[in-house]
file coords.cif (mmCIF, C-alpha atoms)
data_work
#
loop_
_atom_site.label_atom_id
_atom_site.label_comp_id
_atom_site.auth_asym_id
_atom_site.auth_seq_id
_atom_site.Cartn_x
_atom_site.Cartn_y
_atom_site.Cartn_z
CA MET X 1 -10.87 -41.78 40.79
CA ARG X 2 -14.63 -41.01 40.56
CA PRO X 3 -15.97 -40.54 36.99
CA ARG X 4 -17.19 -36.98 37.64
CA THR X 5 -13.79 -35.97 39.01
CA LEU X 6 -12.05 -37.45 35.96
CA LEU X 7 -14.37 -35.57 33.59
CA ALA X 8 -13.76 -32.32 35.43
CA LEU X 9 -9.98 -32.73 35.14
CA LEU X 10 -10.26 -33.55 31.43
CA GLY X 11 -12.41 -30.45 30.92
CA ALA X 12 -9.89 -28.24 32.71
CA ALA X 13 -7.08 -29.68 30.59
CA LEU X 14 -8.99 -28.94 27.40
CA LEU X 15 -9.48 -25.32 28.48
CA VAL X 16 -5.71 -24.94 28.92
CA PHE X 17 -5.12 -26.02 25.30
CA VAL X 18 -8.15 -24.43 23.69
CA GLY X 19 -8.31 -21.19 25.70
CA PRO X 20 -5.17 -19.23 24.73
CA PRO X 21 -5.81 -19.01 20.96
CA LEU X 22 -9.19 -17.42 21.70
CA LEU X 23 -7.58 -14.63 23.68
CA THR X 24 -6.64 -11.34 22.05
CA THR X 25 -3.01 -11.51 20.98
CA GLY X 26 -2.76 -8.06 19.39
CA ASP X 27 -1.59 -9.51 16.06
CA GLY X 28 -4.86 -9.17 14.15
CA ALA X 29 -5.47 -12.92 14.02
CA GLU X 30 -9.05 -12.52 15.21
CA THR X 31 -9.99 -9.88 12.62
CA GLY X 32 -8.08 -11.20 9.59
CA THR X 33 -5.86 -8.12 9.49
CA ASN X 34 -2.53 -9.63 10.47
CA ILE X 35 0.16 -8.76 7.90
CA PRO X 36 3.52 -9.87 9.35
CA GLY X 37 6.27 -7.40 8.48
CA LEU X 38 3.87 -4.64 7.35
CA GLN X 39 5.69 -1.45 6.38
CA ILE X 40 4.21 1.98 5.74
CA MET X 41 6.40 4.29 3.69
CA VAL X 42 6.26 8.07 4.17
CA PRO X 43 7.54 9.83 1.01
CA ASN X 44 8.74 12.97 2.80
CA THR X 45 10.57 14.04 5.94
CA PRO X 46 9.46 13.44 9.55
CA GLY X 47 6.99 15.89 11.06
CA GLY X 48 4.82 16.49 8.01
CA GLY X 49 1.22 15.54 7.37
CA TYR X 50 2.01 12.23 5.70
CA ASP X 51 4.34 11.31 8.55
CA ILE X 52 1.88 12.22 11.30
CA THR X 53 -0.95 10.36 9.56
CA ALA X 54 1.12 7.24 8.92
CA ARG X 55 2.48 7.02 12.46
CA THR X 56 -0.96 7.68 13.92
CA ALA X 57 -2.46 4.92 11.78
CA GLY X 58 0.28 2.48 12.77
CA LYS X 59 -0.03 3.18 16.48
CA ASP X 60 -3.84 3.06 16.43
CA ALA X 61 -3.78 -0.26 14.58
CA GLU X 62 -1.41 -1.75 17.13
CA ASP X 63 -3.37 -0.36 20.07
CA ALA X 64 -6.56 -1.84 18.60
CA GLY X 65 -4.91 -5.25 18.18
CA LEU X 66 -5.15 -5.27 14.40
CA ASN X 67 -1.47 -5.96 13.83
CA HIS X 68 1.85 -5.67 15.62
CA ASN X 69 5.35 -4.33 14.93
CA ILE X 70 4.25 -2.08 12.06
CA GLU X 71 7.27 -0.26 10.66
CA VAL X 72 6.83 3.33 9.50
CA PHE X 73 9.81 4.72 7.59
CA ASN X 74 10.62 7.90 5.67
CA LEU X 75 11.95 8.05 2.10
CA PRO X 76 11.89 11.75 1.15
CA GLY X 77 12.76 13.35 -2.15
CA ALA X 78 11.32 15.20 -5.13
CA GLY X 79 7.97 15.94 -3.50
CA GLY X 80 7.25 12.28 -2.86
CA THR X 81 8.13 10.91 -6.28
CA VAL X 82 11.26 9.17 -4.96
CA GLY X 83 9.02 7.16 -2.66
CA LEU X 84 6.54 6.63 -5.47
CA SER X 85 9.24 5.16 -7.70
CA ARG X 86 10.39 2.87 -4.89
CA LEU X 87 6.80 1.69 -4.39
CA VAL X 88 6.29 0.94 -8.09
CA ASN X 89 9.58 -0.98 -8.17
CA GLU X 90 8.38 -3.16 -5.26
CA ARG X 91 5.97 -4.94 -7.60
CA GLY X 92 4.06 -7.76 -5.91
CA ASN X 93 5.08 -6.75 -2.36
CA GLY X 94 1.87 -7.13 -0.34
CA LYS X 95 3.56 -6.05 2.89
CA LEU X 96 4.33 -2.49 1.77
CA ALA X 97 2.00 0.52 1.64
CA MET X 98 2.68 4.21 1.07
CA LEU X 99 0.91 7.10 2.79
CA MET X 100 0.38 9.86 0.23
CA GLY X 101 -1.98 12.57 -0.93
CA LEU X 102 -2.50 15.47 -3.28
CA GLY X 103 1.15 16.49 -2.86
CA VAL X 104 2.37 13.34 -4.58
CA VAL X 105 -0.24 13.78 -7.33
CA GLY X 106 1.03 17.28 -8.06
CA ALA X 107 4.71 16.38 -7.78
CA ALA X 108 4.30 13.53 -10.26
CA GLU X 109 2.79 16.04 -12.70
CA THR X 110 5.33 18.84 -12.29
CA ASN X 111 8.37 16.54 -12.07
CA HIS X 112 7.23 14.50 -15.08
CA SER X 113 7.79 11.41 -12.97
CA PRO X 114 8.14 8.15 -14.92
CA SER X 115 6.10 6.49 -12.16
CA THR X 116 2.55 7.70 -11.58
CA LEU X 117 -0.28 6.81 -9.26
CA SER X 118 -1.85 4.91 -12.13
CA ASP X 119 0.99 2.41 -11.69
CA THR X 120 0.04 1.68 -8.06
CA THR X 121 -2.65 -0.40 -6.37
CA PRO X 122 -5.29 1.87 -4.73
CA ILE X 123 -6.02 0.81 -1.13
CA ALA X 124 -7.84 3.51 0.85
CA ARG X 125 -8.42 7.23 1.18
CA LEU X 126 -8.30 8.09 4.87
CA VAL X 127 -8.73 11.76 5.76
CA GLU X 128 -9.37 15.24 4.47
CA GLU X 129 -8.43 18.56 6.08
CA PRO X 130 -8.19 22.25 5.23
CA ASN X 131 -4.92 24.04 4.76
CA ILE X 132 -4.05 26.96 7.02
CA VAL X 133 -2.21 30.26 6.71
CA VAL X 134 0.20 30.82 9.60
CA VAL X 135 2.87 33.29 10.68
CA ALA X 136 5.35 33.32 13.55
CA LYS X 137 4.21 34.76 16.88
CA ASP X 138 6.42 37.84 16.43
CA SER X 139 5.22 38.54 12.87
CA LYS X 140 3.90 42.01 12.14
CA TYR X 141 0.83 40.44 10.56
CA ARG X 142 -2.03 40.19 13.03
CA THR X 143 -4.76 39.52 10.44
CA PHE X 144 -4.99 37.96 7.01
CA GLU X 145 -6.15 41.30 5.59
CA GLN X 146 -2.86 42.93 6.64
CA LEU X 147 -0.87 40.12 5.01
CA ARG X 148 -2.95 40.29 1.85
CA ALA X 149 -2.40 44.05 1.50
CA ASP X 150 1.41 43.73 1.58
CA TRP X 151 1.36 40.64 -0.62
CA ALA X 152 -0.68 42.39 -3.30
CA LYS X 153 1.67 45.41 -3.35
CA LYS X 154 4.94 43.48 -3.72
CA PRO X 155 4.37 39.72 -4.16
CA GLY X 156 8.05 38.95 -4.59
CA SER X 157 9.00 40.53 -1.26
CA VAL X 158 6.49 38.43 0.71
CA PRO X 159 7.78 34.85 0.40
CA VAL X 160 5.36 32.05 1.17
CA GLY X 161 6.56 28.64 2.29
CA GLY X 162 4.82 25.34 1.77
CA GLY X 163 5.52 21.76 2.74
CA SER X 164 5.10 20.40 -0.77
CA SER X 165 6.69 20.71 -4.18
CA PRO X 166 5.05 22.70 -6.97
CA GLY X 167 1.74 21.04 -7.77
CA GLY X 168 1.17 19.92 -4.20
CA PRO X 169 -1.52 21.25 -1.85
CA ASP X 170 0.73 23.72 -0.01
CA HIS X 171 1.68 25.15 -3.40
CA LEU X 172 -1.72 25.11 -5.09
CA ALA X 173 -3.49 26.77 -2.16
CA PRO X 174 -1.41 30.00 -2.14
CA MET X 175 -1.46 30.10 -5.94
CA MET X 176 -5.26 30.03 -5.91
CA MET X 177 -5.20 32.63 -3.11
CA ALA X 178 -2.92 34.84 -5.18
CA ARG X 179 -5.12 34.68 -8.25
CA ALA X 180 -8.19 35.57 -6.17
CA ALA X 181 -6.25 38.51 -4.68
CA GLY X 182 -5.31 39.85 -8.13
CA ILE X 183 -1.73 38.59 -7.99
CA GLU X 184 -0.24 36.76 -10.97
CA PRO X 185 0.69 33.25 -9.79
CA LYS X 186 4.00 33.48 -11.65
CA ASP X 187 4.89 36.49 -9.46
CA VAL X 188 4.45 34.58 -6.20
CA ASN X 189 7.69 33.89 -4.35
CA TYR X 190 6.95 30.31 -3.34
CA VAL X 191 9.58 28.47 -1.28
CA PRO X 192 9.05 24.69 -1.24
CA PHE X 193 10.01 22.41 1.63
CA ASP X 194 9.93 18.64 1.80
CA GLY X 195 7.21 18.36 4.41
CA GLY X 196 5.72 20.47 7.18
CA GLY X 197 8.58 19.72 9.58
CA GLU X 198 11.11 21.57 7.43
CA LEU X 199 8.67 24.38 6.76
CA LEU X 200 8.02 25.00 10.45
CA ALA X 201 11.61 26.04 11.18
CA SER X 202 11.54 28.58 8.36
CA VAL X 203 8.25 30.11 9.48
CA LEU X 204 9.43 30.38 13.08
CA GLY X 205 12.81 31.73 11.94
CA GLY X 206 11.24 34.40 9.72
CA LYS X 207 12.78 33.03 6.52
CA VAL X 208 9.34 33.15 4.90
CA ALA X 209 6.66 35.74 5.57
CA PHE X 210 3.97 33.12 6.00
CA GLY X 211 3.44 29.41 5.64
CA VAL X 212 0.68 27.26 4.19
CA SER X 213 0.26 23.76 5.56
CA GLY X 214 -2.22 21.32 7.08
CA LEU X 215 -3.98 22.12 10.33
CA GLY X 216 -3.05 18.82 11.96
CA GLU X 217 0.65 19.47 11.45
CA TYR X 218 0.75 22.73 13.43
CA ARG X 219 -2.02 22.36 15.97
CA ASP X 220 0.42 22.15 18.91
CA GLN X 221 2.38 25.23 17.81
CA ILE X 222 -0.83 27.24 17.37
CA GLU X 223 -2.11 26.17 20.78
CA SER X 224 1.21 27.08 22.43
CA GLY X 225 1.30 30.50 20.75
CA GLU X 226 4.43 29.87 18.66
CA LEU X 227 2.38 30.28 15.49
CA ARG X 228 -0.46 32.69 14.76
CA LEU X 229 -3.30 31.30 12.65
CA LEU X 230 -4.56 33.89 10.17
CA ALA X 231 -7.00 31.89 8.03
CA VAL X 232 -8.21 28.44 7.02
CA THR X 233 -8.73 27.42 3.40
CA GLY X 234 -11.73 25.14 3.93
CA PRO X 235 -15.44 25.93 3.67
CA LYS X 236 -15.88 26.48 7.41
CA ARG X 237 -13.97 27.66 10.48
CA THR X 238 -12.31 25.16 12.77
CA ALA X 239 -14.08 24.44 16.04
CA GLU X 240 -11.07 25.10 18.25
CA PHE X 241 -9.43 28.19 16.73
CA ASP X 242 -10.88 31.64 16.06
CA ALA X 243 -9.68 32.25 12.51
CA PRO X 244 -11.70 33.21 9.43
CA THR X 245 -12.10 31.22 6.25
CA LEU X 246 -10.56 32.72 3.14
CA LYS X 247 -14.04 33.61 1.93
CA GLU X 248 -14.72 35.48 5.17
CA ALA X 249 -11.41 37.28 4.67
CA GLY X 250 -12.45 38.42 1.20
CA LEU X 251 -10.98 35.77 -1.14
CA ASP X 252 -13.29 33.53 -3.14
CA VAL X 253 -11.27 30.37 -2.48
CA GLU X 254 -12.09 27.02 -0.88
CA PHE X 255 -9.41 24.36 -0.75
CA THR X 256 -8.99 21.08 1.13
CA ASN X 257 -6.27 18.44 1.13
CA TRP X 258 -6.61 14.67 1.50
CA ARG X 259 -4.42 11.69 2.38
CA GLY X 260 -4.64 8.05 1.52
CA VAL X 261 -2.78 4.79 0.97
CA VAL X 262 -1.52 3.03 -2.14
CA ALA X 263 0.42 -0.22 -2.54
CA PRO X 264 2.80 -1.61 -5.16
CA PRO X 265 1.48 -2.86 -8.48
CA GLY X 266 1.12 -6.56 -9.21
CA LEU X 267 -0.67 -7.62 -6.03
CA ASP X 268 -2.99 -10.59 -6.31
CA ASP X 269 -6.59 -10.21 -5.15
CA GLN X 270 -5.87 -11.78 -1.76
CA GLU X 271 -2.98 -9.42 -0.99
CA ARG X 272 -4.92 -6.35 -2.12
CA ASP X 273 -8.03 -7.34 -0.18
CA ARG X 274 -5.99 -8.01 2.95
CA LEU X 275 -4.58 -4.48 2.89
CA ILE X 276 -8.02 -2.98 2.22
CA ARG X 277 -9.46 -5.06 5.07
CA PHE X 278 -6.72 -3.84 7.40
CA PHE X 279 -7.51 -0.16 6.77
CA ARG X 280 -11.26 -0.78 6.84
CA LYS X 281 -10.92 -2.36 10.28
CA LEU X 282 -8.70 0.53 11.40
CA HIS X 283 -11.34 2.99 10.20
CA GLY X 284 -13.88 1.35 12.51
CA THR X 285 -11.79 1.48 15.69
CA GLU X 286 -12.33 3.83 18.58
CA GLU X 287 -8.63 4.63 18.50
CA TRP X 288 -8.85 5.99 14.95
CA ARG X 289 -12.03 7.96 15.65
CA ASP X 290 -10.26 9.61 18.58
CA SER X 291 -7.32 10.47 16.34
CA LEU X 292 -9.59 12.05 13.75
CA GLU X 293 -11.08 14.33 16.38
CA ARG X 294 -7.77 15.13 18.04
CA ASN X 295 -6.07 16.10 14.77
CA GLY X 296 -9.03 17.90 13.24
CA TRP X 297 -9.15 15.46 10.32
CA ASP X 298 -12.41 14.93 8.44
CA ASP X 299 -13.30 11.31 7.75
CA ALA X 300 -12.95 10.74 3.99
CA PHE X 301 -12.78 6.95 3.95
CA GLN X 302 -12.97 5.28 0.56
CA THR X 303 -11.48 2.03 -0.71
CA GLY X 304 -10.61 -0.08 -3.72
CA GLU X 305 -11.93 0.72 -7.19
CA ARG X 306 -13.91 3.75 -6.04
CA TYR X 307 -10.72 5.21 -4.54
CA GLY X 308 -8.90 4.34 -7.77
CA ARG X 309 -11.38 6.41 -9.78
CA PHE X 310 -10.88 9.26 -7.30
CA LEU X 311 -7.09 9.12 -7.83
CA THR X 312 -7.52 9.24 -11.61
CA ALA X 313 -9.80 12.28 -11.27
CA GLN X 314 -7.28 13.98 -8.96
CA GLU X 315 -4.47 13.49 -11.50
CA LYS X 316 -6.60 15.13 -14.20
CA ARG X 317 -7.63 17.95 -11.85
CA ALA X 318 -4.03 18.71 -10.81
CA ASP X 319 -2.96 18.86 -14.46
CA SER X 320 -5.89 21.14 -15.29
CA VAL X 321 -5.30 23.52 -12.36
CA LEU X 322 -1.57 23.81 -13.07
CA LYS X 323 -2.28 24.68 -16.70
CA GLU X 324 -5.00 27.12 -15.68
CA LEU X 325 -2.58 28.88 -13.33
CA GLY X 326 0.10 28.97 -16.02
CA LEU X 327 2.36 26.72 -13.94
#
call {"tool": "encode", "arguments": {"input": "coords.cif", "output": "structure tokens"}}
result
Amino acid sequence: MRPRTLLALLGAALLVFVGPPLLTTGDGAETGTNIPGLQIMVPNTPGGGYDITARTAGKDAEDAGLNHNIEVFNLPGAGGTVGLSRLVNERGNGKLAMLMGLGVVGAAETNHSPSTLSDTTPIARLVEEPNIVVVAKDSKYRTFEQLRADWAKKPGSVPVGGGSSPGGPDHLAPMMMARAAGIEPKDVNYVPFDGGGELLASVLGGKVAFGVSGLGEYRDQIESGELRLLAVTGPKRTAEFDAPTLKEAGLDVEFTNWRGVVAPPGLDDQERDRLIRFFRKLHGTEEWRDSLERNGWDDAFQTGERYGRFLTAQEKRADSVLKELGL
């Protein structure tokens, strides 16, 4: 065999052995994000904001090749504090993360939970979004002003539903609305549900006069006409729906919700940094940017110690607001 031919064959053989590991395998090996057996816990029922955010993050990460076979599971109960307790008890488990937000902060306060967010390992804050005020399509309320007028006259006869326990965003928002409207928060007939999925059925079925939840949770129902959007709680209107802010509707209230990720306590630096790196890489993907736009989520990315300081401030704020409202 001629020397050049032999060298060519050897080169081809080397490519067979060397080539495949350089190809994208979809397991995150190339980006250092691979966490075999990664689980993301959702501390409330399917269909709510935590659930949608967690499943979106998992799918986007897989589609971007950051990891594979990510398991998202629900562990509802007590406004998220059942899941929080489970997380804290999984000390040292670097393959578990929990999607959470202001609802868990408030529930831990009002339920006097033995486990708090201070017991967890802060990983990343992901998104922020306004809450919304919605009614069923056949509701008599066509505008927020009409709803407000009835609510102010007889607060107890106008039940409001929210997808979080007392102290959570869907509870705090209507309480702040009530105070601004001259209604005593203690007179508000608030009906809590464990997530936006459960709340939706009650709004559509007329069991509550109106619901307060996250925009991303009910976008499809608003677009299809099943729900009527009366107002948004954030500082500005949404781009896709023609509904006023609370300030435009006459209430001096601005309120936004956020969602993020925490992990069990007791992680070593390598385990913590691997989880932070995973979510940082996810944040930079085109898939995640598309999801932010599609769901109307504002990018609120923050990681590590800075996010930990934010969580501590949120715990203090929730305690202060609940006391201020007499709740």
call {"tool": "resolve_selection", "arguments": {"input": "coords.cif", "expression": "the PyMOL selection byres ((chain X and resi 126) around 8)", "output": "list in words"}}
result
Ala124, Arg125, Val127, Glu128, Trp258, Arg259, Gly260, Val261, His283, Asp299, Ala300, Phe301 and Gln302 of chain X
call {"tool": "resolve_selection", "arguments": {"input": "coords.cif", "expression": "the PyMOL selection byres ((chain X and resi 272) around 12)", "output": "NGL selection string"}}
result
:X and (33 or 35 or 92-97 or 120-124 or 261-271 or 273-279 or 303-305)
call {"tool": "closest_residue", "arguments": {"input": "coords.cif", "among": "X:Ala318, X:Ala57, X:Leu230, X:Leu75", "to": "Gln146 of chain X", "atoms": "only C-alpha atoms"}}
result
X:Leu230
call {"tool": "closest_residue", "arguments": {"input": "coords.cif", "among": "X:Tyr190, X:Gly80, X:Lys154, X:Asn89", "to": "Asp170 of chain X", "atoms": "all atoms listed in the file"}}
result
X:Tyr190
call {"tool": "residues_around", "arguments": {"input": "coords.cif", "residues": "segment 202-212 of chain X", "least_positions_apart": "4", "cutoff": "7 Å", "atoms": "only C-alpha atoms", "output": "ChimeraX atom specification"}}
result
/X:131-136,158-162,170
call {"tool": "residues_around", "arguments": {"input": "coords.cif", "residues": "Pro244 of chain X", "least_positions_apart": "6", "cutoff": "8 Å", "atoms": "only C-alpha atoms", "output": "list of chain:residue names"}}
result
X:Leu230, X:Ala231, X:Val232, X:Arg237
call {"tool": "resolve_selection", "arguments": {"input": "coords.cif", "expression": "the PyMOL selection byres ((chain X and resi 108) around 12)", "output": "PDB file with C-alpha atoms, keeping the file's coordinate frame"}}
result
ATOM      1  CA  GLY X  77      12.760  13.350  -2.150  1.00  0.00           C
ATOM      2  CA  ALA X  78      11.320  15.200  -5.130  1.00  0.00           C
ATOM      3  CA  GLY X  79       7.970  15.940  -3.500  1.00  0.00           C
ATOM      4  CA  GLY X  80       7.250  12.280  -2.860  1.00  0.00           C
ATOM      5  CA  THR X  81       8.130  10.910  -6.280  1.00  0.00           C
ATOM      6  CA  VAL X  82      11.260   9.170  -4.960  1.00  0.00           C
ATOM      7  CA  GLY X  83       9.020   7.160  -2.660  1.00  0.00           C
ATOM      8  CA  LEU X  84       6.540   6.630  -5.470  1.00  0.00           C
ATOM      9  CA  SER X  85       9.240   5.160  -7.700  1.00  0.00           C
ATOM     10  CA  MET X 100       0.380   9.860   0.230  1.00  0.00           C
ATOM     11  CA  GLY X 101      -1.980  12.570  -0.930  1.00  0.00           C
ATOM     12  CA  LEU X 102      -2.500  15.470  -3.280  1.00  0.00           C
ATOM     13  CA  GLY X 103       1.150  16.490  -2.860  1.00  0.00           C
ATOM     14  CA  VAL X 104       2.370  13.340  -4.580  1.00  0.00           C
ATOM     15  CA  VAL X 105      -0.240  13.780  -7.330  1.00  0.00           C
ATOM     16  CA  GLY X 106       1.030  17.280  -8.060  1.00  0.00           C
ATOM     17  CA  ALA X 107       4.710  16.380  -7.780  1.00  0.00           C
ATOM     18  CA  GLU X 109       2.790  16.040 -12.700  1.00  0.00           C
ATOM     19  CA  THR X 110       5.330  18.840 -12.290  1.00  0.00           C
ATOM     20  CA  ASN X 111       8.370  16.540 -12.070  1.00  0.00           C
ATOM     21  CA  HIS X 112       7.230  14.500 -15.080  1.00  0.00           C
ATOM     22  CA  SER X 113       7.790  11.410 -12.970  1.00  0.00           C
ATOM     23  CA  PRO X 114       8.140   8.150 -14.920  1.00  0.00           C
ATOM     24  CA  SER X 115       6.100   6.490 -12.160  1.00  0.00           C
ATOM     25  CA  THR X 116       2.550   7.700 -11.580  1.00  0.00           C
ATOM     26  CA  LEU X 117      -0.280   6.810  -9.260  1.00  0.00           C
ATOM     27  CA  SER X 118      -1.850   4.910 -12.130  1.00  0.00           C
ATOM     28  CA  ASP X 119       0.990   2.410 -11.690  1.00  0.00           C
ATOM     29  CA  SER X 164       5.100  20.400  -0.770  1.00  0.00           C
ATOM     30  CA  SER X 165       6.690  20.710  -4.180  1.00  0.00           C
ATOM     31  CA  PRO X 166       5.050  22.700  -6.970  1.00  0.00           C
ATOM     32  CA  GLY X 167       1.740  21.040  -7.770  1.00  0.00           C
ATOM     33  CA  GLY X 168       1.170  19.920  -4.200  1.00  0.00           C
ATOM     34  CA  GLN X 314      -7.280  13.980  -8.960  1.00  0.00           C
ATOM     35  CA  GLU X 315      -4.470  13.490 -11.500  1.00  0.00           C
ATOM     36  CA  LYS X 316      -6.600  15.130 -14.200  1.00  0.00           C
ATOM     37  CA  ALA X 318      -4.030  18.710 -10.810  1.00  0.00           C
ATOM     38  CA  ASP X 319      -2.960  18.860 -14.460  1.00  0.00           C
TER      39      ASP X 319
END
call {"tool": "residues_around", "arguments": {"input": "coords.cif", "residues": "segment 320-327 of chain X", "least_positions_apart": "3", "cutoff": "8 Å", "atoms": "only C-alpha atoms", "output": "mmCIF file with C-alpha atoms, in the coordinates of the input"}}
result
data_model
loop_
_atom_site.group_PDB
_atom_site.id
_atom_site.type_symbol
_atom_site.label_atom_id
_atom_site.label_comp_id
_atom_site.auth_asym_id
_atom_site.auth_seq_id
_atom_site.Cartn_x
_atom_site.Cartn_y
_atom_site.Cartn_z
ATOM 1 C CA GLY X 167 1.740 21.040 -7.770
ATOM 2 C CA MET X 175 -1.460 30.100 -5.940
ATOM 3 C CA MET X 176 -5.260 30.030 -5.910
ATOM 4 C CA PRO X 185 0.690 33.250 -9.790
ATOM 5 C CA LYS X 186 4.000 33.480 -11.650
ATOM 6 C CA LYS X 316 -6.600 15.130 -14.200
ATOM 7 C CA ARG X 317 -7.630 17.950 -11.850
#
call {"tool": "atom_distance", "arguments": {"input": "coords.cif", "atom1": "atom CA of Pro43 of chain X", "atom2": "atom CA of Val72 of chain X"}}
result
10.7 Å
call {"tool": "closest_residue", "arguments": {"input": "coords.cif", "among": "X:Pro169, X:Gly225, X:Gly197, X:Gly250", "to": "Ala181 of chain X", "atoms": "only C-alpha atoms"}}
result
X:Gly250
call {"tool": "build_atoms", "arguments": {"input": "coords.cif", "residues": "segment 54-60 of chain X", "atoms": "all heavy atoms", "output": "PDB file, in the frame of the given file"}}
result
ATOM      1  N   ALA X  54       0.631   8.615   8.972  1.00  0.00           N
ATOM      2  CA  ALA X  54       1.120   7.240   8.920  1.00  0.00           C
ATOM      3  C   ALA X  54       1.430   6.704  10.309  1.00  0.00           C
ATOM      4  O   ALA X  54       1.060   5.569  10.655  1.00  0.00           O
ATOM      5  CB  ALA X  54       2.376   7.165   8.045  1.00  0.00           C
ATOM      6  N   ARG X  55       2.108   7.500  11.122  1.00  0.00           N
ATOM      7  CA  ARG X  55       2.480   7.020  12.460  1.00  0.00           C
ATOM      8  C   ARG X  55       1.258   6.911  13.366  1.00  0.00           C
ATOM      9  O   ARG X  55       1.182   6.023  14.218  1.00  0.00           O
ATOM     10  CB  ARG X  55       3.542   7.954  13.064  1.00  0.00           C
ATOM     11  CG  ARG X  55       4.848   7.889  12.299  1.00  0.00           C
ATOM     12  CD  ARG X  55       5.978   8.702  12.876  1.00  0.00           C
ATOM     13  NE  ARG X  55       7.102   8.712  11.947  1.00  0.00           N
ATOM     14  CZ  ARG X  55       7.979   7.723  11.790  1.00  0.00           C
ATOM     15  NH1 ARG X  55       7.859   6.641  12.541  1.00  0.00           N
ATOM     16  NH2 ARG X  55       8.952   7.798  10.915  1.00  0.00           N
ATOM     17  N   THR X  56       0.290   7.791  13.168  1.00  0.00           N
ATOM     18  CA  THR X  56      -0.960   7.680  13.920  1.00  0.00           C
ATOM     19  C   THR X  56      -1.704   6.414  13.545  1.00  0.00           C
ATOM     20  O   THR X  56      -2.191   5.678  14.411  1.00  0.00           O
ATOM     21  CB  THR X  56      -1.854   8.912  13.653  1.00  0.00           C
ATOM     22  OG1 THR X  56      -1.170  10.102  14.073  1.00  0.00           O
ATOM     23  CG2 THR X  56      -3.169   8.802  14.401  1.00  0.00           C
ATOM     24  N   ALA X  57      -1.781   6.131  12.245  1.00  0.00           N
ATOM     25  CA  ALA X  57      -2.460   4.920  11.780  1.00  0.00           C
ATOM     26  C   ALA X  57      -1.781   3.669  12.311  1.00  0.00           C
ATOM     27  O   ALA X  57      -2.452   2.729  12.768  1.00  0.00           O
ATOM     28  CB  ALA X  57      -2.501   4.897  10.254  1.00  0.00           C
ATOM     29  N   GLY X  58      -0.447   3.646  12.273  1.00  0.00           N
ATOM     30  CA  GLY X  58       0.280   2.480  12.770  1.00  0.00           C
ATOM     31  C   GLY X  58       0.068   2.250  14.250  1.00  0.00           C
ATOM     32  O   GLY X  58      -0.175   1.113  14.686  1.00  0.00           O
ATOM     33  N   LYS X  59       0.150   3.308  15.036  1.00  0.00           N
ATOM     34  CA  LYS X  59      -0.030   3.180  16.480  1.00  0.00           C
ATOM     35  C   LYS X  59      -1.457   2.761  16.816  1.00  0.00           C
ATOM     36  O   LYS X  59      -1.682   1.890  17.663  1.00  0.00           O
ATOM     37  CB  LYS X  59       0.300   4.489  17.179  1.00  0.00           C
ATOM     38  CG  LYS X  59       0.188   4.418  18.710  1.00  0.00           C
ATOM     39  CD  LYS X  59       0.563   5.737  19.352  1.00  0.00           C
ATOM     40  CE  LYS X  59       0.569   5.626  20.871  1.00  0.00           C
ATOM     41  NZ  LYS X  59      -0.736   5.175  21.415  1.00  0.00           N
ATOM     42  N   ASP X  60      -2.441   3.398  16.154  1.00  0.00           N
ATOM     43  CA  ASP X  60      -3.840   3.060  16.430  1.00  0.00           C
ATOM     44  C   ASP X  60      -4.137   1.608  16.080  1.00  0.00           C
ATOM     45  O   ASP X  60      -4.882   0.922  16.787  1.00  0.00           O
ATOM     46  CB  ASP X  60      -4.772   3.987  15.644  1.00  0.00           C
ATOM     47  CG  ASP X  60      -4.792   5.402  16.200  1.00  0.00           C
ATOM     48  OD1 ASP X  60      -4.240   5.627  17.297  1.00  0.00           O
ATOM     49  OD2 ASP X  60      -5.372   6.289  15.546  1.00  0.00           O
TER      50      ASP X  60
END
